Amino acid sequence: MEKNIYKIYHNDFGIAFQWKSDITKQDKIQLVFRNMGFYLSTKEIKQFRQNVYDAKSAKGCSCCERDCDTKSILLKTPSTKVDLAVNNKELIEVEDLITGTLFQLDLDNYLNNLCNL
């Protein structure tokens, strides 16, 4: 499968990639974590990052602060029909995955623009 994808970013929790067949056709990124895959545009990934920030600021139970495994944080996804229950560690991992993906996409765009000058 690795030969069919362009890996953008990964961590221990998940991976962000594009299918090589989709790279020139559309701006969709596959984010996969916790046995789920989201097929998102860059704009949707940025919205997902904002949702993570909102979830981090909304968490308030003492369990969240103790870093326990209770999935007591509700994380909204870019899909209006899907929300995720996560714990604090998972929220941090999702944030890293999204932030790393957006950083790499921005870096790729910058380098492509620089090389085209």
# chains A, B, ... in the order shown; residues from 1 in each chain; ligands from 1

call {"tool": "select_by_dssp", "arguments": {"residues": "chain A", "states": "strand (DSSP E or B)", "output": "VMD selection string"}}
result
chain A and resid 5 to 10 14 to 19 28 to 33 36 to 41 73 to 76 83 to 86

call {"tool": "write_last_selection", "arguments": {"atoms": "C-alpha atoms", "output": "PDB file, in the first residue's frame"}}
result
ATOM      1  CA  ILE A   5       0.297   6.789  -1.167  1.00  0.00           C
ATOM      2  CA  TYR A   6       2.194   9.994  -0.554  1.00  0.00           C
ATOM      3  CA  LYS A   7       2.721  10.104   3.213  1.00  0.00           C
ATOM      4  CA  ILE A   8       2.370  13.639   4.526  1.00  0.00           C
ATOM      5  CA  TYR A   9       2.771  13.136   8.272  1.00  0.00           C
ATOM      6  CA  HIS A  10       2.450  10.415  10.891  1.00  0.00           C
ATOM      7  CA  GLY A  14      -2.235   7.978  13.075  1.00  0.00           C
ATOM      8  CA  ILE A  15      -1.212   8.976   9.585  1.00  0.00           C
ATOM      9  CA  ALA A  16      -2.068  11.637   7.029  1.00  0.00           C
ATOM     10  CA  PHE A  17      -1.571  10.833   3.371  1.00  0.00           C
ATOM     11  CA  GLN A  18      -2.827  11.377  -0.145  1.00  0.00           C
ATOM     12  CA  TRP A  19      -3.569   8.645  -2.610  1.00  0.00           C
ATOM     13  CA  LYS A  28      -8.177  15.784  -0.332  1.00  0.00           C
ATOM     14  CA  ILE A  29      -6.130  14.326   2.476  1.00  0.00           C
ATOM     15  CA  GLN A  30      -6.789  11.028   4.225  1.00  0.00           C
ATOM     16  CA  LEU A  31      -6.441  11.279   8.027  1.00  0.00           C
ATOM     17  CA  VAL A  32      -6.491   7.854   9.681  1.00  0.00           C
ATOM     18  CA  PHE A  33      -6.483   7.236  13.425  1.00  0.00           C
ATOM     19  CA  MET A  36     -11.251   5.592  11.367  1.00  0.00           C
ATOM     20  CA  GLY A  37     -10.431   7.433   8.205  1.00  0.00           C
ATOM     21  CA  PHE A  38     -11.441  10.955   7.292  1.00  0.00           C
ATOM     22  CA  TYR A  39     -11.148  12.176   3.704  1.00  0.00           C
ATOM     23  CA  LEU A  40     -10.780  15.937   4.168  1.00  0.00           C
ATOM     24  CA  SER A  41      -9.864  19.097   2.290  1.00  0.00           C
ATOM     25  CA  ILE A  73     -13.922  14.805  25.928  1.00  0.00           C
ATOM     26  CA  LEU A  74     -16.267  15.328  22.988  1.00  0.00           C
ATOM     27  CA  LEU A  75     -14.329  16.194  19.822  1.00  0.00           C
ATOM     28  CA  LYS A  76     -16.368  17.483  16.920  1.00  0.00           C
ATOM     29  CA  ASP A  83     -18.299  13.453  16.918  1.00  0.00           C
ATOM     30  CA  LEU A  84     -15.631  11.492  18.788  1.00  0.00           C
ATOM     31  CA  ALA A  85     -15.253  10.674  22.455  1.00  0.00           C
ATOM     32  CA  VAL A  86     -11.554  10.940  23.315  1.00  0.00           C
TER      33      VAL A  86
END

call {"tool": "select_by_dssp", "arguments": {"residues": "region 14-108 of chain A", "states": "helix (DSSP H, G or I)", "output": "PyMOL selection string"}}
result
chain A and resi 42-58+62-65+88-108

call {"tool": "write_last_selection", "arguments": {"atoms": "N, CA and C atoms", "output": "tab-separated table (two decimals), in the first residue's frame"}}
result
chain	number	residue	atom	x	y	z
A	42	THR	N	-8.07	20.63	2.83
A	42	THR	CA	-7.23	21.41	3.72
A	42	THR	C	-8.08	22.33	4.61
A	43	LYS	N	-9.11	22.91	4.03
A	43	LYS	CA	-10.01	23.77	4.81
A	43	LYS	C	-10.68	22.98	5.93
A	44	GLU	N	-11.11	21.76	5.65
A	44	GLU	CA	-11.74	20.93	6.68
A	44	GLU	C	-10.75	20.51	7.76
A	45	ILE	N	-9.49	20.29	7.37
A	45	ILE	CA	-8.46	19.94	8.36
A	45	ILE	C	-8.22	21.13	9.28
A	46	LYS	N	-8.23	22.34	8.73
A	46	LYS	CA	-8.07	23.54	9.56
A	46	LYS	C	-9.25	23.69	10.52
A	47	GLN	N	-10.45	23.36	10.05
A	47	GLN	CA	-11.62	23.41	10.93
A	47	GLN	C	-11.50	22.35	12.03
A	48	PHE	N	-10.99	21.17	11.67
A	48	PHE	CA	-10.78	20.11	12.64
A	48	PHE	C	-9.79	20.57	13.72
A	49	ARG	N	-8.73	21.27	13.30
A	49	ARG	CA	-7.76	21.81	14.26
A	49	ARG	C	-8.46	22.78	15.23
A	50	GLN	N	-9.33	23.62	14.70
A	50	GLN	CA	-10.07	24.54	15.57
A	50	GLN	C	-10.96	23.77	16.53
A	51	ASN	N	-11.57	22.69	16.06
A	51	ASN	CA	-12.40	21.85	16.92
A	51	ASN	C	-11.58	21.23	18.06
A	52	VAL	N	-10.34	20.86	17.75
A	52	VAL	CA	-9.44	20.33	18.79
A	52	VAL	C	-9.16	21.41	19.82
A	53	TYR	N	-8.85	22.62	19.35
A	53	TYR	CA	-8.59	23.73	20.28
A	53	TYR	C	-9.81	23.98	21.16
A	54	ASP	N	-11.00	23.96	20.55
A	54	ASP	CA	-12.23	24.17	21.31
A	54	ASP	C	-12.42	23.07	22.36
A	55	ALA	N	-12.16	21.82	21.98
A	55	ALA	CA	-12.31	20.71	22.92
A	55	ALA	C	-11.30	20.82	24.06
A	56	LYS	N	-10.08	21.27	23.75
A	56	LYS	CA	-9.07	21.43	24.80
A	56	LYS	C	-9.48	22.50	25.80
A	57	SER	N	-10.08	23.56	25.30
A	57	SER	CA	-10.47	24.64	26.20
A	57	SER	C	-11.76	24.31	26.97
A	58	ALA	N	-12.57	23.41	26.44
A	58	ALA	CA	-13.84	23.06	27.09
A	58	ALA	C	-13.70	21.96	28.13
A	62	SER	N	-11.90	16.56	36.38
A	62	SER	CA	-10.61	16.28	37.00
A	62	SER	C	-9.93	15.08	36.35
A	63	CYS	N	-10.71	14.19	35.78
A	63	CYS	CA	-10.14	13.01	35.12
A	63	CYS	C	-9.29	13.44	33.92
A	64	CYS	N	-9.75	14.45	33.17
A	64	CYS	CA	-9.02	14.93	32.01
A	64	CYS	C	-7.64	15.44	32.42
A	65	GLU	N	-7.57	16.08	33.56
A	65	GLU	CA	-6.32	16.65	34.02
A	65	GLU	C	-5.38	15.58	34.57
A	88	ASN	N	-7.69	12.73	27.14
A	88	ASN	CA	-6.73	13.82	26.99
A	88	ASN	C	-5.54	13.43	26.12
A	89	LYS	N	-5.00	12.23	26.31
A	89	LYS	CA	-3.85	11.78	25.52
A	89	LYS	C	-4.22	11.69	24.04
A	90	GLU	N	-5.37	11.14	23.73
A	90	GLU	CA	-5.81	11.04	22.34
A	90	GLU	C	-6.02	12.42	21.72
A	91	LEU	N	-6.55	13.34	22.50
A	91	LEU	CA	-6.76	14.70	22.01
A	91	LEU	C	-5.42	15.34	21.63
A	92	ILE	N	-4.42	15.13	22.45
A	92	ILE	CA	-3.07	15.66	22.17
A	92	ILE	C	-2.50	15.00	20.92
A	93	GLU	N	-2.71	13.70	20.76
A	93	GLU	CA	-2.21	12.98	19.58
A	93	GLU	C	-2.92	13.45	18.30
A	94	VAL	N	-4.22	13.66	18.37
A	94	VAL	CA	-4.96	14.16	17.21
A	94	VAL	C	-4.47	15.56	16.86
A	95	GLU	N	-4.26	16.38	17.89
A	95	GLU	CA	-3.75	17.73	17.64
A	95	GLU	C	-2.39	17.68	16.95
A	96	ASP	N	-1.50	16.81	17.41
A	96	ASP	CA	-0.19	16.67	16.78
A	96	ASP	C	-0.32	16.21	15.33
A	97	LEU	N	-1.19	15.24	15.09
A	97	LEU	CA	-1.39	14.73	13.74
A	97	LEU	C	-1.88	15.83	12.80
A	98	ILE	N	-2.85	16.59	13.26
A	98	ILE	CA	-3.41	17.66	12.42
A	98	ILE	C	-2.41	18.79	12.23
A	99	THR	N	-1.76	19.22	13.30
A	99	THR	CA	-0.79	20.31	13.21
A	99	THR	C	0.39	19.92	12.32
A	100	GLY	N	0.90	18.72	12.50
A	100	GLY	CA	2.00	18.24	11.66
A	100	GLY	C	1.61	18.14	10.19
A	101	THR	N	0.39	17.71	9.95
A	101	THR	CA	-0.11	17.61	8.57
A	101	THR	C	-0.19	18.99	7.93
A	102	LEU	N	-0.77	19.94	8.64
A	102	LEU	CA	-0.90	21.30	8.08
A	102	LEU	C	0.47	21.94	7.89
A	103	PHE	N	1.39	21.72	8.81
A	103	PHE	CA	2.74	22.25	8.66
A	103	PHE	C	3.39	21.68	7.41
A	104	GLN	N	3.30	20.37	7.22
A	104	GLN	CA	3.94	19.74	6.06
A	104	GLN	C	3.30	20.21	4.76
A	105	LEU	N	1.98	20.36	4.74
A	105	LEU	CA	1.30	20.87	3.54
A	105	LEU	C	1.75	22.29	3.22
A	106	ASP	N	1.86	23.14	4.25
A	106	ASP	CA	2.34	24.51	4.03
A	106	ASP	C	3.78	24.52	3.54
A	107	LEU	N	4.61	23.67	4.11
A	107	LEU	CA	6.01	23.57	3.68
A	107	LEU	C	6.10	23.09	2.23
A	108	ASP	N	5.33	22.08	1.88
A	108	ASP	CA	5.31	21.59	0.50
A	108	ASP	C	4.88	22.69	-0.47

call {"tool": "closest_residue", "arguments": {"among": "A:Val82, A:Asn87, A:Tyr110, A:Asn116", "to": "Thr70 (chain A)", "atoms": "only C-alpha atoms"}}
result
A:Asn87

call {"tool": "closest_residue", "arguments": {"among": "A:Asn109, A:Pro78, A:Arg34, A:Asp27", "to": "Phe13 (chain A)", "atoms": "only C-alpha atoms"}}
result
A:Arg34

call {"tool": "decode", "arguments": {"residues": "region 37-49 of chain A", "atoms": "N, CA, C and O atoms", "output": "short mmCIF file (atom, residue, chain, number, x, y, z; two decimals), in the first residue's frame"}}
result
data_model
loop_
_atom_site.label_atom_id
_atom_site.label_comp_id
_atom_site.auth_asym_id
_atom_site.auth_seq_id
_atom_site.Cartn_x
_atom_site.Cartn_y
_atom_site.Cartn_z
N GLY A 37 -11.06 6.62 9.22
CA GLY A 37 -10.43 7.43 8.21
C GLY A 37 -11.33 8.60 7.83
O GLY A 37 -12.54 8.43 7.67
N PHE A 38 -10.73 9.76 7.72
CA PHE A 38 -11.44 10.96 7.29
C PHE A 38 -10.80 11.45 6.00
O PHE A 38 -9.58 11.60 5.94
N TYR A 39 -11.60 11.70 5.00
CA TYR A 39 -11.15 12.18 3.70
C TYR A 39 -11.50 13.66 3.65
O TYR A 39 -12.64 14.02 3.40
N LEU A 40 -10.51 14.53 3.90
CA LEU A 40 -10.78 15.94 4.17
C LEU A 40 -9.99 16.87 3.25
O LEU A 40 -8.86 16.57 2.87
N SER A 41 -10.58 18.03 2.98
CA SER A 41 -9.86 19.10 2.29
C SER A 41 -8.98 19.82 3.30
O SER A 41 -9.15 19.66 4.52
N THR A 42 -8.07 20.63 2.83
CA THR A 42 -7.23 21.41 3.72
C THR A 42 -8.08 22.33 4.61
O THR A 42 -7.82 22.47 5.81
N LYS A 43 -9.11 22.91 4.03
CA LYS A 43 -10.01 23.77 4.81
C LYS A 43 -10.68 22.98 5.93
O LYS A 43 -10.80 23.46 7.06
N GLU A 44 -11.11 21.76 5.65
CA GLU A 44 -11.74 20.93 6.68
C GLU A 44 -10.75 20.51 7.76
O GLU A 44 -11.10 20.42 8.94
N ILE A 45 -9.49 20.29 7.37
CA ILE A 45 -8.46 19.94 8.36
C ILE A 45 -8.22 21.13 9.28
O ILE A 45 -8.07 20.96 10.49
N LYS A 46 -8.23 22.34 8.73
CA LYS A 46 -8.07 23.54 9.56
C LYS A 46 -9.25 23.69 10.52
O LYS A 46 -9.07 24.07 11.68
N GLN A 47 -10.45 23.36 10.05
CA GLN A 47 -11.62 23.41 10.93
C GLN A 47 -11.50 22.35 12.03
O GLN A 47 -11.83 22.61 13.19
N PHE A 48 -10.99 21.17 11.67
CA PHE A 48 -10.78 20.11 12.64
C PHE A 48 -9.79 20.57 13.72
O PHE A 48 -9.98 20.32 14.91
N ARG A 49 -8.73 21.27 13.30
CA ARG A 49 -7.76 21.81 14.26
C ARG A 49 -8.46 22.78 15.23
O ARG A 49 -8.22 22.72 16.44
#
